[in-house]
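Coordinates as given in coords03.csv (CSV, C-alpha atoms):
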chain,number,residue,atom,x,y,z
A,12,GLN,CA,0.0,0.0,0.0
A,13,PHE,CA,1.2,3.5,-0.8
A,14,LEU,CA,1.7,6.1,1.8
A,15,GLY,CA,-1.0,8.8,1.8
A,16,LYS,CA,-0.4,12.5,1.7
A,17,SER,CA,-3.1,14.8,3.0
A,18,THR,CA,-4.0,17.7,0.8
A,19,GLY,CA,-6.7,19.8,2.4
A,20,GLY,CA,-8.8,17.0,3.9
A,21,ILE,CA,-8.3,14.7,0.9
A,22,VAL,CA,-5.8,11.9,1.2
A,23,ASN,CA,-3.8,11.2,-1.9
A,24,THR,CA,-2.9,7.5,-2.0
A,25,PHE,CA,-1.2,7.5,-5.4
A,26,PRO,CA,2.5,6.6,-5.7
A,27,ASP,CA,5.1,9.2,-6.5
A,28,PRO,CA,4.0,10.7,-9.8
A,29,ARG,CA,7.5,10.2,-11.2
A,30,PHE,CA,6.7,6.5,-11.4
A,31,GLY,CA,3.3,6.8,-13.1
A,32,SER,CA,4.6,6.4,-16.6
A,33,THR,CA,6.9,3.5,-15.6
A,34,ILE,CA,4.0,1.7,-14.0
A,35,PHE,CA,1.7,2.4,-17.0
A,36,GLU,CA,4.2,0.9,-19.4
A,37,ARG,CA,5.3,-2.1,-17.4
A,38,ILE,CA,2.0,-3.3,-15.9
A,39,PRO,CA,1.1,-6.6,-17.6
A,40,HIS,CA,-2.5,-5.5,-18.2
A,41,GLY,CA,-3.7,-3.6,-21.3
A,42,ILE,CA,-4.6,-0.1,-20.4
A,43,PHE,CA,-5.9,2.7,-22.6
A,44,THR,CA,-7.6,6.0,-21.8
A,45,VAL,CA,-10.1,8.0,-23.8
A,46,ASP,CA,-11.4,11.6,-23.5
A,47,GLN,CA,-15.0,12.6,-23.3
A,48,GLU,CA,-15.5,12.3,-27.1
A,49,GLY,CA,-14.2,8.7,-27.0
A,50,THR,CA,-10.8,9.5,-28.6
A,51,ILE,CA,-8.0,7.3,-27.4
A,52,THR,CA,-5.5,9.4,-25.5
A,53,SER,CA,-3.0,6.7,-24.3
A,54,PHE,CA,-2.3,3.1,-25.0
A,55,ASN,CA,0.3,1.0,-23.0
A,56,ARG,CA,2.6,-1.7,-24.2
A,57,ALA,CA,0.4,-4.5,-22.9
A,58,ALA,CA,-2.5,-3.1,-24.8
A,59,GLU,CA,-0.4,-3.2,-27.9
A,60,ARG,CA,0.6,-6.8,-27.3
A,61,ILE,CA,-3.0,-7.9,-26.5
A,62,THR,CA,-4.7,-6.0,-29.4
A,63,GLY,CA,-2.0,-6.1,-32.0
A,64,TRP,CA,-2.4,-2.4,-32.6
A,65,ASN,CA,0.5,0.0,-32.2
A,66,ARG,CA,-0.1,3.1,-30.1
A,67,GLU,CA,0.8,5.3,-33.0
A,68,GLU,CA,-2.0,3.7,-35.0
A,69,VAL,CA,-4.7,4.2,-32.3
A,70,VAL,CA,-3.9,7.3,-30.2
A,71,GLY,CA,-6.1,10.1,-31.6
A,72,SER,CA,-8.6,7.6,-33.1
A,73,GLN,CA,-12.1,7.0,-32.0
A,74,CYS,CA,-12.2,4.0,-29.5
A,75,SER,CA,-15.3,2.6,-31.3
A,76,LYS,CA,-13.5,2.5,-34.6
A,77,VAL,CA,-10.6,0.6,-33.1
A,78,PHE,CA,-12.3,-1.9,-30.9
A,79,ARG,CA,-15.6,-2.3,-32.8
A,80,SER,CA,-17.5,-3.6,-29.8
A,81,ASP,CA,-21.3,-4.0,-29.6
A,82,HIS,CA,-21.2,-1.8,-26.6
A,83,CYS,CA,-19.6,1.2,-28.4
A,84,GLU,CA,-22.8,2.6,-29.9
A,85,HIS,CA,-25.4,1.9,-27.3
A,86,SER,CA,-23.9,1.3,-23.9
A,87,CYS,CA,-20.2,2.4,-23.9
A,88,PHE,CA,-18.9,1.7,-20.4
A,89,LEU,CA,-16.1,4.2,-20.8
A,90,ARG,CA,-18.4,7.1,-21.8
A,91,GLN,CA,-20.8,6.1,-19.0
A,92,SER,CA,-17.9,6.3,-16.4
A,93,ILE,CA,-17.0,9.8,-17.6
A,94,VAL,CA,-20.6,11.1,-17.6
A,95,GLU,CA,-21.5,9.3,-14.3
A,96,PRO,CA,-18.2,9.0,-12.3
A,97,MET,CA,-18.1,6.3,-9.6
A,98,ASP,CA,-18.3,7.5,-6.0
A,99,LEU,CA,-15.1,6.2,-4.4
A,100,ALA,CA,-16.0,7.5,-0.9
When written as structure tokens, how does the structure in this file appear?
Amino acid sequence: QFLGKSTGGIVNTFPDPRFGSTIFERIPHGIFTVDQEGTITSFNRAAERITGWNREEVVGSQCSKVFRSDHCEHSCFLRQSIVEPMDLA
């Protein structure tokens, strides 16, 4: 578990931000992020390995055009999580 740092009543439990990109690239799970429009904004190495797509090919592309899931048009889980964020309290 990471040491927390209090910032005005909120406890930040994230690791040192200098390690974020290292963790993102080395974690064995495919991770990608999208913005509110569904445009892919990041894609880690494991996502490349799992999907066969290179990040240069997908970053900047619409998620629905890359993954072509049945969920993309009607019930996009990513879009839903942006519109209705989870309450982590």
Taking the point (-10.9, 7.5, -34.8) as given in the file, collect each protein or nucleic acid residue that comes within 12 Å of it, counting only C-alpha atoms, and present the set as a short mmCIF file (atom, residue, chain, number, x, y, z; two decimals) with C-alpha atoms, in the coordinates of the input.
data_model
loop_
_atom_site.label_atom_id
_atom_site.label_comp_id
_atom_site.auth_asym_id
_atom_site.auth_seq_id
_atom_site.Cartn_x
_atom_site.Cartn_y
_atom_site.Cartn_z
CA VAL A 45 -10.10 8.00 -23.80
CA GLU A 48 -15.50 12.30 -27.10
CA GLY A 49 -14.20 8.70 -27.00
CA THR A 50 -10.80 9.50 -28.60
CA ILE A 51 -8.00 7.30 -27.40
CA THR A 52 -5.50 9.40 -25.50
CA GLU A 68 -2.00 3.70 -35.00
CA VAL A 69 -4.70 4.20 -32.30
CA VAL A 70 -3.90 7.30 -30.20
CA GLY A 71 -6.10 10.10 -31.60
CA SER A 72 -8.60 7.60 -33.10
CA GLN A 73 -12.10 7.00 -32.00
CA CYS A 74 -12.20 4.00 -29.50
CA SER A 75 -15.30 2.60 -31.30
CA LYS A 76 -13.50 2.50 -34.60
CA VAL A 77 -10.60 0.60 -33.10
CA PHE A 78 -12.30 -1.90 -30.90
CA ARG A 79 -15.60 -2.30 -32.80
#
Within 8 Å of A:Phe35 using all atoms listed in the file, minus same-chain residues under 4 positions, as a ChimeraX atom specification: /A:31,42,55
I'd like the contact shell of A:Phe88 - 12 Å cut-off, all atoms listed in the file, skipping same-chain residues fewer than 3 positions apart - returned as a PyMOL selection string. chain A and resi 45+47+49+74-75+80-85+91-97
For a test of reading the model, state the distance in Å between atom CA of A:Arg60 and atom CA of A:Arg37, rounded to one decimal.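 Spanning atom CA of A:Arg60 to atom CA of A:Arg37 is a straight-line distance of 11.9 Å.
One distance worth recording is that between atom CA of A:Thr33 and atom CA of A:Asp98, which is 27.3 Å.
Atom CA of A:Asn65 to atom CA of A:Glu36 spans 13.4 Å [interatomic distance, one decimal].
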Nearest residue to A:Ile34 from the set A:Gly63, A:Leu89, A:Asp46, A:Ala57 (distances using all atoms listed in the file):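 Ranked by minimum distance to A:Ile34, first place goes to A:Ala57.
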